[in-house]
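For reference, coords.txt is printed below; it contains compact mmCIF, C-alpha atoms.
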# COMPACT_ATOMS: atom_id res chain seq x y z
CA MET A 1 -23.96 -62.04 51.44
CA ILE A 2 -26.95 -61.41 53.62
CA GLY A 3 -24.50 -61.44 56.49
CA SER A 4 -24.23 -57.72 56.82
CA ILE A 5 -27.78 -56.59 56.05
CA PRO A 6 -30.09 -56.62 59.05
CA LEU A 7 -33.49 -58.12 58.40
CA THR A 8 -35.03 -55.07 60.05
CA HIS A 9 -33.95 -52.85 57.17
CA VAL A 10 -35.45 -55.21 54.63
CA LEU A 11 -38.75 -55.34 56.48
CA LEU A 12 -38.76 -51.59 56.99
CA THR A 13 -38.29 -50.98 53.28
CA SER A 14 -40.96 -53.52 52.48
CA GLY A 15 -43.38 -51.94 54.94
CA ALA A 16 -42.73 -48.45 53.60
CA LEU A 17 -43.30 -49.56 50.00
CA PHE A 18 -46.46 -51.42 50.96
CA VAL A 19 -47.93 -48.45 52.79
CA ILE A 20 -47.08 -46.08 49.93
CA GLY A 21 -48.83 -48.46 47.57
CA LEU A 22 -51.81 -48.75 49.89
CA ALA A 23 -52.13 -44.99 50.22
CA GLY A 24 -51.88 -44.63 46.45
CA ALA A 25 -54.54 -47.26 45.84
CA LEU A 26 -56.88 -45.61 48.31
CA LEU A 27 -56.30 -41.94 47.50
CA ARG A 28 -55.80 -41.68 43.76
CA ARG A 29 -58.66 -41.62 41.30
CA SER A 30 -56.97 -42.60 38.07
CA ALA A 31 -57.51 -46.32 37.56
CA ILE A 32 -54.02 -46.69 36.07
CA THR A 33 -52.36 -45.18 39.13
CA ILE A 34 -54.41 -47.44 41.39
CA PHE A 35 -53.24 -50.40 39.36
CA LEU A 36 -49.60 -49.26 39.60
CA SER A 37 -50.02 -48.95 43.36
CA VAL A 38 -51.23 -52.55 43.52
CA GLU A 39 -48.11 -53.61 41.61
CA LEU A 40 -46.02 -51.69 44.12
CA MET A 41 -47.70 -53.50 47.02
CA MET A 42 -46.93 -56.84 45.37
CA ASN A 43 -43.29 -55.83 45.08
CA ALA A 44 -43.21 -54.90 48.74
CA ALA A 45 -44.45 -58.39 49.58
CA ASN A 46 -41.82 -59.86 47.24
CA LEU A 47 -39.07 -57.98 49.02
CA ALA A 48 -40.23 -59.32 52.39
CA LEU A 49 -40.34 -62.87 51.00
CA ILE A 50 -36.83 -62.61 49.58
CA GLY A 51 -35.54 -61.04 52.79
CA TYR A 52 -36.92 -63.84 54.93
CA GLY A 53 -35.77 -66.45 52.43
CA ALA A 54 -32.24 -65.09 52.63
CA ALA A 55 -32.37 -64.80 56.40
CA LEU A 56 -33.57 -68.37 56.87
CA GLY A 57 -31.32 -69.74 54.15
CA THR A 58 -34.05 -71.39 52.10
CA LEU A 59 -35.05 -71.06 48.47
CA GLU A 60 -38.80 -71.27 49.07
CA GLY A 61 -39.08 -67.52 49.38
CA GLN A 62 -37.56 -67.06 45.94
CA ILE A 63 -39.92 -69.68 44.48
CA ALA A 64 -42.90 -67.79 45.88
CA VAL A 65 -41.64 -64.54 44.37
CA PHE A 66 -41.14 -66.26 41.04
CA PHE A 67 -44.79 -67.29 41.02
CA VAL A 68 -45.96 -63.88 42.20
CA ILE A 69 -44.15 -62.18 39.31
CA ALA A 70 -45.69 -64.53 36.76
CA ILE A 71 -49.17 -63.99 38.19
CA ALA A 72 -48.60 -60.23 38.23
CA ALA A 73 -47.87 -60.40 34.51
CA ALA A 74 -51.15 -62.25 33.88
CA GLU A 75 -53.03 -59.82 36.08
CA ALA A 76 -51.53 -56.79 34.38
CA SER A 77 -52.49 -57.98 30.91
CA VAL A 78 -56.10 -58.72 31.87
CA GLY A 79 -56.43 -55.55 33.95
CA LEU A 80 -55.12 -53.34 31.17
CA ALA A 81 -57.45 -55.04 28.70
CA ILE A 82 -60.34 -54.17 31.01
CA PHE A 83 -59.16 -50.55 31.11
CA VAL A 84 -58.97 -50.38 27.34
CA ALA A 85 -62.50 -51.76 27.02
CA LEU A 86 -63.72 -49.40 29.74
CA PHE A 87 -62.08 -46.37 28.16
CA ARG A 88 -63.66 -47.16 24.82
CA HIS A 89 -67.01 -47.37 26.54
CA THR A 90 -66.94 -44.40 28.90
CA GLU A 91 -64.07 -42.16 27.66
CA THR A 92 -62.67 -41.93 31.17
CA ILE A 93 -60.72 -44.02 33.66
CA ASP A 94 -61.54 -41.83 36.63
CA VAL A 95 -62.87 -44.34 39.13
CA ASN A 96 -65.33 -41.82 40.57
CA ARG A 97 -67.03 -41.45 37.21
CA ILE A 98 -67.26 -45.14 36.48
CA ASN A 99 -70.46 -45.88 38.35
CA LEU A 100 -72.47 -47.96 35.95
CA LEU A 101 -72.76 -50.81 38.41
CA LYS A 102 -73.71 -48.57 41.32
CA TRP A 103 -77.30 -48.62 42.40
CA MET B 1 -20.49 -52.20 52.47
CA ASP B 2 -23.40 -54.39 51.40
CA ARG B 3 -25.43 -52.76 54.05
CA LEU B 4 -24.67 -49.26 52.81
CA VAL B 5 -25.54 -50.15 49.23
CA PHE B 6 -28.72 -51.87 50.34
CA ASP B 7 -29.81 -48.90 52.42
CA ALA B 8 -29.11 -46.47 49.60
CA ALA B 9 -30.94 -48.58 47.01
CA ALA B 10 -33.88 -49.12 49.34
CA ALA B 11 -34.10 -45.40 50.09
CA ILE B 12 -34.11 -44.51 46.40
CA ALA B 13 -36.73 -47.20 45.69
CA VAL B 14 -39.01 -45.81 48.39
CA LEU B 15 -38.42 -42.25 47.18
CA PHE B 16 -39.40 -43.05 43.61
CA ALA B 17 -42.38 -45.08 44.80
CA ALA B 18 -43.60 -42.01 46.66
CA LEU B 19 -43.01 -39.95 43.53
CA MET B 20 -45.11 -42.45 41.57
CA VAL B 21 -48.05 -42.03 43.91
CA LEU B 22 -47.78 -38.26 44.09
CA HIS B 23 -47.40 -37.48 40.42
CA ARG B 24 -50.42 -36.29 38.47
CA ASN B 25 -49.20 -37.32 35.06
CA PRO B 26 -49.69 -41.11 34.70
CA ILE B 27 -46.80 -41.51 32.25
CA LYS B 28 -44.38 -39.95 34.68
CA SER B 29 -45.68 -42.15 37.47
CA VAL B 30 -45.04 -45.25 35.36
CA LEU B 31 -41.49 -44.07 34.70
CA ALA B 32 -40.94 -43.38 38.39
CA LEU B 33 -42.10 -46.90 39.15
CA VAL B 34 -39.63 -48.29 36.61
CA VAL B 35 -36.79 -46.56 38.46
CA SER B 36 -38.13 -47.83 41.77
CA PHE B 37 -38.20 -51.40 40.46
CA PHE B 38 -34.64 -51.11 39.17
CA PHE B 39 -33.43 -50.22 42.62
CA LEU B 40 -35.51 -53.02 44.11
CA ALA B 41 -33.62 -55.34 41.76
CA VAL B 42 -30.39 -54.04 43.30
CA CYS B 43 -31.82 -54.97 46.71
CA TYR B 44 -32.62 -58.47 45.43
CA VAL B 45 -29.03 -58.95 44.28
CA LEU B 46 -27.77 -57.97 47.72
CA LEU B 47 -30.20 -60.43 49.29
CA SER B 48 -28.56 -63.17 47.18
CA ALA B 49 -31.42 -63.55 44.71
CA PRO B 50 -29.70 -62.63 41.42
CA PHE B 51 -32.13 -64.62 39.26
CA LEU B 52 -35.10 -62.74 40.65
CA ALA B 53 -33.25 -59.47 40.16
CA ALA B 54 -32.89 -60.31 36.48
CA ILE B 55 -36.56 -61.33 36.30
CA GLN B 56 -37.52 -58.10 38.03
CA VAL B 57 -35.71 -56.01 35.44
CA ILE B 58 -36.72 -58.04 32.40
CA VAL B 59 -40.31 -58.97 33.23
CA TYR B 60 -41.42 -56.20 35.56
CA ALA B 61 -39.62 -53.11 34.38
CA GLY B 62 -39.17 -54.36 30.85
CA ALA B 63 -42.51 -55.96 30.05
CA ILE B 64 -45.27 -55.17 32.51
CA LEU B 65 -44.56 -51.48 32.94
CA VAL B 66 -43.89 -51.01 29.26
CA LEU B 67 -47.33 -52.57 28.72
CA PHE B 68 -48.72 -49.86 30.98
CA LEU B 69 -46.91 -47.22 28.93
CA PHE B 70 -48.30 -48.68 25.72
CA VAL B 71 -51.85 -48.54 27.02
CA LEU B 72 -51.43 -45.01 28.36
CA MET B 73 -50.06 -43.72 25.09
CA LEU B 74 -52.56 -45.69 23.03
CA LEU B 75 -55.54 -44.29 24.88
CA ASN B 76 -54.09 -40.81 25.33
CA ILE B 77 -55.44 -40.64 28.84
CA PRO B 78 -55.75 -37.10 30.15
CA GLN B 79 -54.03 -35.96 33.30
CA GLU B 80 -55.93 -36.42 36.46
CA ILE B 81 -57.59 -33.14 37.30
CA SER B 82 -57.29 -31.68 40.76
CA GLN B 83 -58.49 -33.69 43.67
CA GLN B 84 -61.44 -31.49 44.59
CA GLU B 85 -63.87 -34.38 44.46
CA GLN B 86 -61.90 -36.38 46.95
CA ARG B 87 -64.28 -37.86 49.43
CA PRO B 88 -63.87 -37.70 53.19
CA ILE B 89 -63.73 -41.48 53.30
CA GLN B 90 -60.63 -41.35 51.10
CA GLN B 91 -58.86 -38.95 53.42
CA LEU B 92 -59.80 -41.17 56.32
CA LEU B 93 -58.35 -44.20 54.55
CA GLY B 94 -55.17 -42.32 53.71
CA GLY B 95 -54.79 -41.46 57.38
CA ALA B 96 -55.35 -45.10 58.23
CA ALA B 97 -52.56 -46.12 55.84
CA ILE B 98 -50.13 -43.72 57.52
CA LEU B 99 -51.21 -45.04 60.90
CA LEU B 100 -50.54 -48.58 59.70
CA PHE B 101 -47.02 -47.59 58.73
CA ALA B 102 -46.47 -46.01 62.13
CA VAL B 103 -47.55 -49.26 63.79
CA LEU B 104 -45.22 -51.28 61.56
CA LEU B 105 -42.36 -48.91 62.30
CA ILE B 106 -42.87 -49.08 66.03
CA SER B 107 -43.19 -52.85 66.08
CA LEU B 108 -40.03 -53.25 64.00
CA LEU B 109 -38.02 -50.81 66.06
CA SER B 110 -39.13 -52.34 69.34
CA ALA B 111 -38.16 -55.82 68.08
CA ARG B 112 -34.80 -54.57 66.87
CA GLY B 113 -32.67 -56.47 69.33
CA ALA B 114 -34.50 -59.73 68.79
CA THR B 115 -34.62 -59.97 65.00
CA ARG B 116 -31.03 -60.19 64.02
CA VAL B 117 -31.73 -63.58 62.51
CA SER B 118 -30.36 -62.51 59.21
CA SER B 119 -27.15 -61.04 60.35
CA ALA B 120 -24.54 -63.58 61.21
CA GLY B 121 -26.23 -66.92 61.65
CA ALA B 122 -27.66 -67.35 58.19
CA PRO B 123 -26.10 -70.27 56.40
CA LYS B 124 -24.64 -69.35 53.03
CA LEU B 125 -27.13 -70.26 50.37
CA ALA B 126 -25.91 -72.83 47.93
CA ALA B 127 -27.45 -70.32 45.61
CA ASP B 128 -26.01 -67.39 43.83
CA GLN B 129 -26.47 -70.01 41.19
CA ILE B 130 -29.75 -70.61 39.51
CA ALA B 131 -29.48 -74.39 39.36
CA PRO B 132 -30.89 -75.18 42.82
CA LEU B 133 -33.79 -72.86 42.17
CA ALA B 134 -34.56 -74.52 38.86
CA ARG B 135 -34.28 -77.96 40.43
CA LEU B 136 -36.88 -76.97 43.01
CA VAL B 137 -39.25 -75.42 40.48
CA PHE B 138 -39.15 -78.44 38.21
CA SER B 139 -39.46 -81.08 40.93
CA GLU B 140 -41.35 -80.04 44.02
CA TYR B 141 -43.29 -77.17 42.47
CA LEU B 142 -43.83 -78.72 39.07
CA LEU B 143 -47.61 -78.82 39.45
CA SER B 144 -47.81 -75.11 40.34
CA PHE B 145 -45.51 -74.35 37.45
CA GLU B 146 -47.79 -76.13 35.00
CA ALA B 147 -50.86 -74.50 36.52
CA LEU B 148 -49.12 -71.18 36.04
CA SER B 149 -48.60 -71.85 32.36
CA VAL B 150 -52.31 -72.56 31.98
CA LEU B 151 -53.09 -69.37 33.88
CA LEU B 152 -50.90 -67.33 31.55
CA LEU B 153 -52.63 -68.86 28.55
CA ALA B 154 -56.02 -68.03 30.08
CA ALA B 155 -54.89 -64.45 30.68
CA LEU B 156 -53.72 -64.17 27.09
CA VAL B 157 -57.05 -65.39 25.73
CA GLY B 158 -58.97 -63.27 28.23
CA ALA B 159 -57.12 -60.09 27.31
CA PHE B 160 -57.69 -60.77 23.64
CA VAL B 161 -61.42 -61.35 24.11
CA LEU B 162 -61.77 -58.21 26.23
CA VAL B 163 -60.17 -55.76 23.82
CA GLU B 164 -61.70 -57.19 20.67
CA ARG B 165 -64.28 -54.83 19.21
CA GLU B 166 -67.71 -56.25 18.73
CA LYS B 167 -68.30 -57.10 15.12
CA ARG B 168 -70.48 -54.75 13.16
CA PRO B 169 -73.45 -56.59 11.67
Final structure tokens representation of the file:
Amino acid sequence: MIGSIPLTHVLLTSGALFVIGLAGALLRRSAITIFLSVELMMNAANLALIGYGAALGTLEGQIAVFFVIAIAAAEASVGLAIFVALFRHTETIDVNRINLLKW
Amino acid sequence: MDRLVFDAAAAIAVLFAALMVLHRNPIKSVLALVVSFFFLAVCYVLLSAPFLAAIQVIVYAGAILVLFLFVLMLLNIPQEISQQEQRPIQQLLGGAAILLFAVLLISLLSARGATRVSSAGAPKLAADQIAPLARLVFSEYLLSFEALSVLLLAALVGAFVLVEREKRP
């Protein structure tokens, strides 16, 4: 099936998604949006893994993505729990206002 | 044909990802990301990874992002106000990200002739079925799989501990 899709397109899509995620994580101030951007970057990496796995005809790429998705689920639950605790404490999730640990 | 569908799905995924980053309202950005992940799942199917496409829709779009929505609606988080406080360092970093993409683009385009690995030569995967994948997970990667289950349990307990209110004396 991969036969007709050039690897370049896969990598280009993956790179574009990763850079969008990176820009979002660096530029936005809402902690939730930053977190979503991190998820997007993980998906960009997943796409590259699957693309290479398909191109090289191995299943290892898919295994790696499987583990990444499971870890992303764990990370999302803990991260959101932290946000809930933080929001209860400070009434904001603007990362510029959360400066309790700054000297 | 595959190629056309892949390109279209990829373009829509990138478009909605950009929409996610640009939108002020966090709920709308979550929904944009859901759409983006759906189209990524289409890409996975075309790259002969149907199991991961299903996982992407069920776990990512269905569970993780809905968790985000739950938290957003539970906390009633206000819209991000205008960016006036944006620091110069942030603009610098944004520029750096765009630069990074330009470098990636150039390197990919210059290597265009060389990297046609995928095109014809790729051996047909025995996959399109899930069995070989499962066999690999439960034999060679069994240890990682078990470690993952412990990790998920730890995350569950951790999340519960974090959101629990301290008990009033």
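Shortest atom-to-atom contact with Val163 in chain B among A:Ala85, A:Met42, A:Ala55, A:Leu17: A:Ala85, counting only C-alpha atoms.
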Can you pull out the residues contacting range 48-50 of chain A? Cut-off 12 Å, using all atoms listed in the file, and skip same-chain residues under 4 positions away; I want them as a PyMOL selection string. (chain A and resi 2+7-18+41-44+54-68) or (chain B and resi 40-41+43-53+118)
Using all atoms listed in the file and a cutoff of 10 Å, can you tell me which residues are near (-62.1, -50.7, 20.6) in the file's coordinates, and write them out as a PyMOL selection string? (chain A and resi 84-89) or (chain B and resi 162-166)
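Put simply, CA of Asn99 in chain A is 18.2 Å away from CA of Pro88 in chain B.
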Would you mind reading off the distance between CA of Phe16 in chain B and CA of Ser107 in chain B, one decimal, in Å?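 For CA of Phe16 in chain B relative to CA of Ser107 in chain B, the distance reads 24.8 Å.
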Which residue out of A:Leu26, A:Val19, A:Ile5, A:Ala31 has the minimum interatomic distance to Ile98 in chain A when only C-alpha atoms are used?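 Using only C-alpha atoms, Ile98 in chain A sits closest to A:Ala31.
Close contacts of Met20 in chain B, defined as residues with an atom at most 9 Å away when counting all atoms listed in the file, with chain neighbours fewer than 2 positions off set aside, comprise Gly24, Thr33, Leu36 and Ser37 of chain A; Leu15, Phe16, Ala17, Ala18, Leu22, His23, Arg24, Pro26, Lys28, Ser29, Val30, Leu31, Ala32, Leu33 and Ser36 of chain B.
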Rounded to one decimal, what separation in Å do you get between CA of Val35 in chain B and CA of Ala74 in chain A? 21.8 Å
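Closest approach to Phe83 in chain A among B:Val34, B:Ala159, B:Leu133, B:Leu4 is made by B:Ala159 (distances from all atoms listed in the file).
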Please determine, counting all atoms listed in the file, which residue among B:Gly62, B:Ala8, B:Leu100, B:Ser110 has the shortest atom-to-atom distance to chain A.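 Among the listed residues, B:Leu100 lies closest to chain A.
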